[in-house]
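The structure appears below as structure tokens.
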Amino acid sequence: MSNSLKPDREISGSPPHNFKFIADAMLGRLARWLRFLGFDVLYHRDISDLGLIRIAREQDRYILTRDTRLVKRKGIKYFLLIHSDDPFQQLAEVLDTLNLKRYELLSRCVKCNGLLTRVADKQEIGGSVPEYVFLHFPVFMKCSDCGRIYWKGTHPEKFISNLRDILNVEKDC
Ligand SMILES: [Zn+2]
């Protein structure tokens, strides 16, 4: 097993951070999974339609929504209307529709959207992850905003295998 992360696995196409998103209140899981792939996605559970539209416009973000009435409101620059109610299908819709082929695992906090940085010395984080994890994983990443620690294996295997199906890749994520 290699000790190095592959921080930037290109499938093809444009860099991931060209697209920024803001997800509506119904799309929390989609927001998290897009972050897992390295995309910048704002998500506030209690945001109003007007607030969502304002932030999207100010920050040039695509609005991700399932709300057909919302997208008819004034002031929206970019939006993507999501059809499926299954989060994995929603993820596939976003990636397909915008032709996003490049992603960066373990680069962004799924919880708060902060950027992850590599922990230089893992002794620093002793005690903040389970002992087994500390002993068996060589590389840890830390969220620069909320401090949450990530490592390969943070995400359940089922998730990774579904992700492989969606992204059509066979290599290990
Ligand atoms: Zn965070």
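Residues in the structure tokens are named by chain (A, B, ... in the order shown) and by number from 1 within that chain; ligands are numbered from 1 in the order shown.
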What are the closest atom pairs, with distances in Å to one decimal, for each residue of chain A lying within 8 Å of ligand 1, using only C-alpha atoms and all ligand atoms, rows by chain and rising residue number, as a Markdown table?
| residue | atom | partner | partner_atom_place_in_ligand_line | distance |
| --- | --- | --- | --- | --- |
| A:Arg108 | CA | ligand 1 | 1 (Zn) | 7.7 |
| A:Cys109 | CA | ligand 1 | 1 (Zn) | 4.6 |
| A:Val110 | CA | ligand 1 | 1 (Zn) | 6.9 |
| A:Lys111 | CA | ligand 1 | 1 (Zn) | 5.4 |
| A:Cys112 | CA | ligand 1 | 1 (Zn) | 4.2 |
| A:Asn113 | CA | ligand 1 | 1 (Zn) | 5.9 |
| A:Gly114 | CA | ligand 1 | 1 (Zn) | 4.8 |
| A:Leu115 | CA | ligand 1 | 1 (Zn) | 7.3 |
| A:Leu116 | CA | ligand 1 | 1 (Zn) | 7.8 |
| A:Lys142 | CA | ligand 1 | 1 (Zn) | 8.0 |
| A:Cys143 | CA | ligand 1 | 1 (Zn) | 4.6 |
| A:Ser144 | CA | ligand 1 | 1 (Zn) | 6.7 |
| A:Asp145 | CA | ligand 1 | 1 (Zn) | 5.1 |
| A:Cys146 | CA | ligand 1 | 1 (Zn) | 4.0 |
| A:Gly147 | CA | ligand 1 | 1 (Zn) | 5.9 |
| A:Arg148 | CA | ligand 1 | 1 (Zn) | 5.5 |
Would you save the residues of that selection, restricted to N, CA and C atoms, as a PDB file, in the first residue's frame?
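New file out.pdb:
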ATOM      1  N   ARG A 108     -11.699  18.712   0.595  1.00  0.00           N
ATOM      2  CA  ARG A 108     -12.650  19.657   1.174  1.00  0.00           C
ATOM      3  C   ARG A 108     -13.472  18.962   2.268  1.00  0.00           C
ATOM      4  N   CYS A 109     -13.757  19.711   3.300  1.00  0.00           N
ATOM      5  CA  CYS A 109     -14.510  19.174   4.440  1.00  0.00           C
ATOM      6  C   CYS A 109     -15.965  18.947   4.028  1.00  0.00           C
ATOM      7  N   VAL A 110     -16.453  17.724   4.187  1.00  0.00           N
ATOM      8  CA  VAL A 110     -17.844  17.451   3.790  1.00  0.00           C
ATOM      9  C   VAL A 110     -18.818  18.134   4.743  1.00  0.00           C
ATOM     10  N   LYS A 111     -18.346  18.429   5.926  1.00  0.00           N
ATOM     11  CA  LYS A 111     -19.238  18.999   6.923  1.00  0.00           C
ATOM     12  C   LYS A 111     -19.407  20.509   6.767  1.00  0.00           C
ATOM     13  N   CYS A 112     -18.300  21.228   6.523  1.00  0.00           N
ATOM     14  CA  CYS A 112     -18.407  22.692   6.540  1.00  0.00           C
ATOM     15  C   CYS A 112     -17.911  23.362   5.255  1.00  0.00           C
ATOM     16  N   ASN A 113     -17.410  22.590   4.298  1.00  0.00           N
ATOM     17  CA  ASN A 113     -16.943  23.135   3.015  1.00  0.00           C
ATOM     18  C   ASN A 113     -15.548  23.771   3.114  1.00  0.00           C
ATOM     19  N   GLY A 114     -14.910  23.702   4.278  1.00  0.00           N
ATOM     20  CA  GLY A 114     -13.550  24.248   4.420  1.00  0.00           C
ATOM     21  C   GLY A 114     -12.542  23.409   3.640  1.00  0.00           C
ATOM     22  N   LEU A 115     -11.398  24.008   3.360  1.00  0.00           N
ATOM     23  CA  LEU A 115     -10.357  23.269   2.637  1.00  0.00           C
ATOM     24  C   LEU A 115      -9.549  22.416   3.614  1.00  0.00           C
ATOM     25  N   LEU A 116      -9.161  21.230   3.139  1.00  0.00           N
ATOM     26  CA  LEU A 116      -8.354  20.343   3.976  1.00  0.00           C
ATOM     27  C   LEU A 116      -6.873  20.557   3.687  1.00  0.00           C
ATOM     28  N   LYS A 142      -6.667  17.749   7.665  1.00  0.00           N
ATOM     29  CA  LYS A 142      -7.409  18.485   8.685  1.00  0.00           C
ATOM     30  C   LYS A 142      -8.137  19.649   8.035  1.00  0.00           C
ATOM     31  N   CYS A 143      -9.381  19.869   8.440  1.00  0.00           N
ATOM     32  CA  CYS A 143     -10.143  20.996   7.901  1.00  0.00           C
ATOM     33  C   CYS A 143      -9.603  22.295   8.478  1.00  0.00           C
ATOM     34  N   SER A 144      -9.313  23.233   7.588  1.00  0.00           N
ATOM     35  CA  SER A 144      -8.746  24.500   8.043  1.00  0.00           C
ATOM     36  C   SER A 144      -9.789  25.378   8.729  1.00  0.00           C
ATOM     37  N   ASP A 145     -11.067  25.042   8.584  1.00  0.00           N
ATOM     38  CA  ASP A 145     -12.109  25.834   9.256  1.00  0.00           C
ATOM     39  C   ASP A 145     -12.587  25.198  10.564  1.00  0.00           C
ATOM     40  N   CYS A 146     -13.034  23.954  10.496  1.00  0.00           N
ATOM     41  CA  CYS A 146     -13.637  23.365  11.705  1.00  0.00           C
ATOM     42  C   CYS A 146     -12.713  22.386  12.425  1.00  0.00           C
ATOM     43  N   GLY A 147     -11.581  22.050  11.809  1.00  0.00           N
ATOM     44  CA  GLY A 147     -10.609  21.190  12.488  1.00  0.00           C
ATOM     45  C   GLY A 147     -10.886  19.704  12.389  1.00  0.00           C
ATOM     46  N   ARG A 148     -11.953  19.327  11.709  1.00  0.00           N
ATOM     47  CA  ARG A 148     -12.277  17.911  11.581  1.00  0.00           C
ATOM     48  C   ARG A 148     -11.150  17.166  10.857  1.00  0.00           C
TER      49      ARG A 148
END
- Near Phe21 in chain A, counting only C-alpha atoms, which residues have an atom at most 7 Å away, once you skip same-chain residues fewer than 6 positions from it, shown as JSON, numbers by chain? {"A": [40, 41, 42, 61, 62, 63, 64]}
Written file, previous selection with N, CA and C atoms, as a PDB file, in the first residue's frame:
ATOM      1  N   ASP A  40     -16.712  23.139  -4.312  1.00  0.00           N
ATOM      2  CA  ASP A  40     -17.068  24.183  -3.363  1.00  0.00           C
ATOM      3  C   ASP A  40     -18.598  24.306  -3.353  1.00  0.00           C
ATOM      4  N   VAL A  41     -19.211  23.863  -2.267  1.00  0.00           N
ATOM      5  CA  VAL A  41     -20.679  23.854  -2.195  1.00  0.00           C
ATOM      6  C   VAL A  41     -21.143  24.458  -0.871  1.00  0.00           C
ATOM      7  N   LEU A  42     -21.845  25.575  -0.955  1.00  0.00           N
ATOM      8  CA  LEU A  42     -22.439  26.135   0.256  1.00  0.00           C
ATOM      9  C   LEU A  42     -23.764  25.440   0.517  1.00  0.00           C
ATOM     10  N   ARG A  61     -22.352  31.499  -8.060  1.00  0.00           N
ATOM     11  CA  ARG A  61     -22.553  30.079  -7.773  1.00  0.00           C
ATOM     12  C   ARG A  61     -23.765  29.530  -8.518  1.00  0.00           C
ATOM     13  N   TYR A  62     -23.642  28.298  -8.939  1.00  0.00           N
ATOM     14  CA  TYR A  62     -24.805  27.589  -9.467  1.00  0.00           C
ATOM     15  C   TYR A  62     -25.732  27.217  -8.320  1.00  0.00           C
ATOM     16  N   ILE A  63     -26.990  27.510  -8.475  1.00  0.00           N
ATOM     17  CA  ILE A  63     -27.969  27.041  -7.493  1.00  0.00           C
ATOM     18  C   ILE A  63     -28.371  25.613  -7.854  1.00  0.00           C
ATOM     19  N   LEU A  64     -28.237  24.728  -6.887  1.00  0.00           N
ATOM     20  CA  LEU A  64     -28.716  23.363  -7.066  1.00  0.00           C
ATOM     21  C   LEU A  64     -30.040  23.255  -6.332  1.00  0.00           C
TER      22      LEU A  64
END
With DSSP run on the backbone, what are the strand (DSSP E) residues within range 49-116 of chain A? I'd like them as an mmCIF file with N, CA and C atoms, in the first residue's frame.
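Written file, selection19.cif:
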data_model
loop_
_atom_site.group_PDB
_atom_site.id
_atom_site.type_symbol
_atom_site.label_atom_id
_atom_site.label_comp_id
_atom_site.auth_asym_id
_atom_site.auth_seq_id
_atom_site.Cartn_x
_atom_site.Cartn_y
_atom_site.Cartn_z
ATOM 1 N N TYR A 62 -23.642 28.298 -8.939
ATOM 2 C CA TYR A 62 -24.805 27.589 -9.467
ATOM 3 C C TYR A 62 -25.732 27.217 -8.320
ATOM 4 N N ILE A 63 -26.990 27.510 -8.475
ATOM 5 C CA ILE A 63 -27.969 27.041 -7.493
ATOM 6 C C ILE A 63 -28.371 25.613 -7.854
ATOM 7 N N LEU A 64 -28.237 24.728 -6.887
ATOM 8 C CA LEU A 64 -28.716 23.363 -7.066
ATOM 9 C C LEU A 64 -30.040 23.255 -6.332
ATOM 10 N N THR A 65 -31.070 22.884 -7.052
ATOM 11 C CA THR A 65 -32.384 22.854 -6.408
ATOM 12 C C THR A 65 -33.300 21.838 -7.073
ATOM 13 N N PHE A 79 -28.497 28.059 -12.598
ATOM 14 C CA PHE A 79 -29.093 27.045 -11.713
ATOM 15 C C PHE A 79 -29.072 25.706 -12.414
ATOM 16 N N LEU A 80 -29.213 24.697 -11.599
ATOM 17 C CA LEU A 80 -29.350 23.355 -12.135
ATOM 18 C C LEU A 80 -30.532 22.725 -11.416
ATOM 19 N N LEU A 81 -31.551 22.394 -12.168
ATOM 20 C CA LEU A 81 -32.737 21.785 -11.580
ATOM 21 C C LEU A 81 -32.498 20.278 -11.486
ATOM 22 N N ARG A 102 -13.387 15.923 -13.434
ATOM 23 C CA ARG A 102 -12.168 15.937 -12.641
ATOM 24 C C ARG A 102 -12.546 16.196 -11.198
ATOM 25 N N TYR A 103 -11.959 15.467 -10.319
ATOM 26 C CA TYR A 103 -12.309 15.653 -8.917
ATOM 27 C C TYR A 103 -11.085 15.420 -8.043
ATOM 28 N N LEU A 116 -9.161 21.230 3.139
ATOM 29 C CA LEU A 116 -8.354 20.343 3.976
ATOM 30 C C LEU A 116 -6.873 20.557 3.687
#
- Message: According to DSSP computed on the backbone, where in range 34-168 of chain A is there alpha helix (DSSP H)? Give the residues as a ChimeraX atom specification.
- Response: /A:34-36,49-59,87-97,131-136,157-167
- Query: A:Leu100, A:Met26, A:Ile149, A:Leu105: which is nearest Glu124 in chain A, counting only C-alpha atoms?
  - Reply: A:Ile149
- Item | Non-local contacts of Ser84 in chain A (9 Å; only C-alpha atoms; under 6 positions in same chain excluded) as a ChimeraX atom specification | /A:66,90,93
Any chance you could export the current selection's C-alpha atoms as a tab-separated table (two decimals), in the first residue's frame?
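That gives us result35.tsv:
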chain	number	residue	atom	x	y	z
A	66	ARG	CA	-35.33	20.53	-6.86
A	90	GLN	CA	-28.55	13.63	-8.07
A	93	GLU	CA	-27.07	14.50	-12.73
- Message: What's around Gly51 in chain A at 12 Å? Count only C-alpha atoms, leave out sequence neighbours fewer than 6 positions away in its own chain, and write the answer as a VMD selection string.
- Response: chain A and resid 22 to 25 42 to 45 57 to 58 63 70 75 to 76
Selection above as a file: C-alpha atoms, as a PDB file, in the first residue's frame:
ATOM      1  CA  ILE A  22     -25.046  26.565  -3.430  1.00  0.00           C
ATOM      2  CA  ALA A  23     -27.513  23.812  -2.619  1.00  0.00           C
ATOM      3  CA  ASP A  24     -31.066  24.379  -1.454  1.00  0.00           C
ATOM      4  CA  ALA A  25     -32.305  23.058   1.868  1.00  0.00           C
ATOM      5  CA  LEU A  42     -22.439  26.135   0.256  1.00  0.00           C
ATOM      6  CA  TYR A  43     -25.334  24.673   2.160  1.00  0.00           C
ATOM      7  CA  HIS A  44     -27.487  26.254   4.842  1.00  0.00           C
ATOM      8  CA  ARG A  45     -30.422  24.285   6.095  1.00  0.00           C
ATOM      9  CA  ARG A  57     -25.518  35.961  -7.572  1.00  0.00           C
ATOM     10  CA  GLU A  58     -22.849  37.662  -5.464  1.00  0.00           C
ATOM     11  CA  ILE A  63     -27.969  27.041  -7.493  1.00  0.00           C
ATOM     12  CA  LEU A  70     -37.606  28.701  -7.141  1.00  0.00           C
ATOM     13  CA  GLY A  75     -32.281  37.424 -10.144  1.00  0.00           C
ATOM     14  CA  ILE A  76     -31.035  33.889 -10.764  1.00  0.00           C
TER      15      ILE A  76
END
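By chain and then residue number, the residues within 12 Å of Pro130 in chain A are Ile125, Gly126, Gly127, Val133, Phe134, Leu135, His136, Phe137, Ile149, Tyr150, Trp151 and Thr154 of chain A, counting only C-alpha atoms and disregarding those fewer than 3 positions away in sequence.
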Using the selection just defined, write its residues with N, CA and C atoms as a CSV table (one decimal), in the first residue's frame.
chain,number,residue,atom,x,y,z
A,125,ILE,N,-2.2,14.8,16.0
A,125,ILE,CA,-3.6,14.6,16.1
A,125,ILE,C,-3.9,13.3,16.9
A,126,GLY,N,-2.8,12.8,17.6
A,126,GLY,CA,-3.0,11.7,18.5
A,126,GLY,C,-4.1,12.1,19.5
A,127,GLY,N,-5.1,11.1,19.7
A,127,GLY,CA,-6.2,11.4,20.7
A,127,GLY,C,-7.4,11.9,20.0
A,133,VAL,N,-7.3,3.7,14.0
A,133,VAL,CA,-7.2,4.6,12.8
A,133,VAL,C,-5.8,5.3,12.9
A,134,PHE,N,-5.5,5.8,14.0
A,134,PHE,CA,-4.2,6.5,14.2
A,134,PHE,C,-3.0,5.5,13.9
A,135,LEU,N,-3.1,4.3,14.3
A,135,LEU,CA,-2.0,3.3,14.0
A,135,LEU,C,-2.0,2.9,12.6
A,136,HIS,N,-3.1,2.8,11.9
A,136,HIS,CA,-3.1,2.1,10.6
A,136,HIS,C,-3.1,3.0,9.4
A,137,PHE,N,-3.4,4.3,9.6
A,137,PHE,CA,-3.4,5.2,8.4
A,137,PHE,C,-2.3,6.1,8.5
A,149,ILE,N,-10.9,15.9,11.3
A,149,ILE,CA,-9.8,15.1,10.7
A,149,ILE,C,-10.3,14.1,9.8
A,150,TYR,N,-9.6,14.0,8.7
A,150,TYR,CA,-10.0,13.0,7.6
A,150,TYR,C,-8.9,12.1,7.3
A,151,TRP,N,-9.2,10.9,6.9
A,151,TRP,CA,-8.2,10.0,6.4
A,151,TRP,C,-8.9,9.1,5.4
A,154,THR,N,-12.4,7.3,5.9
A,154,THR,CA,-13.4,8.0,6.6
A,154,THR,C,-14.8,7.7,6.1
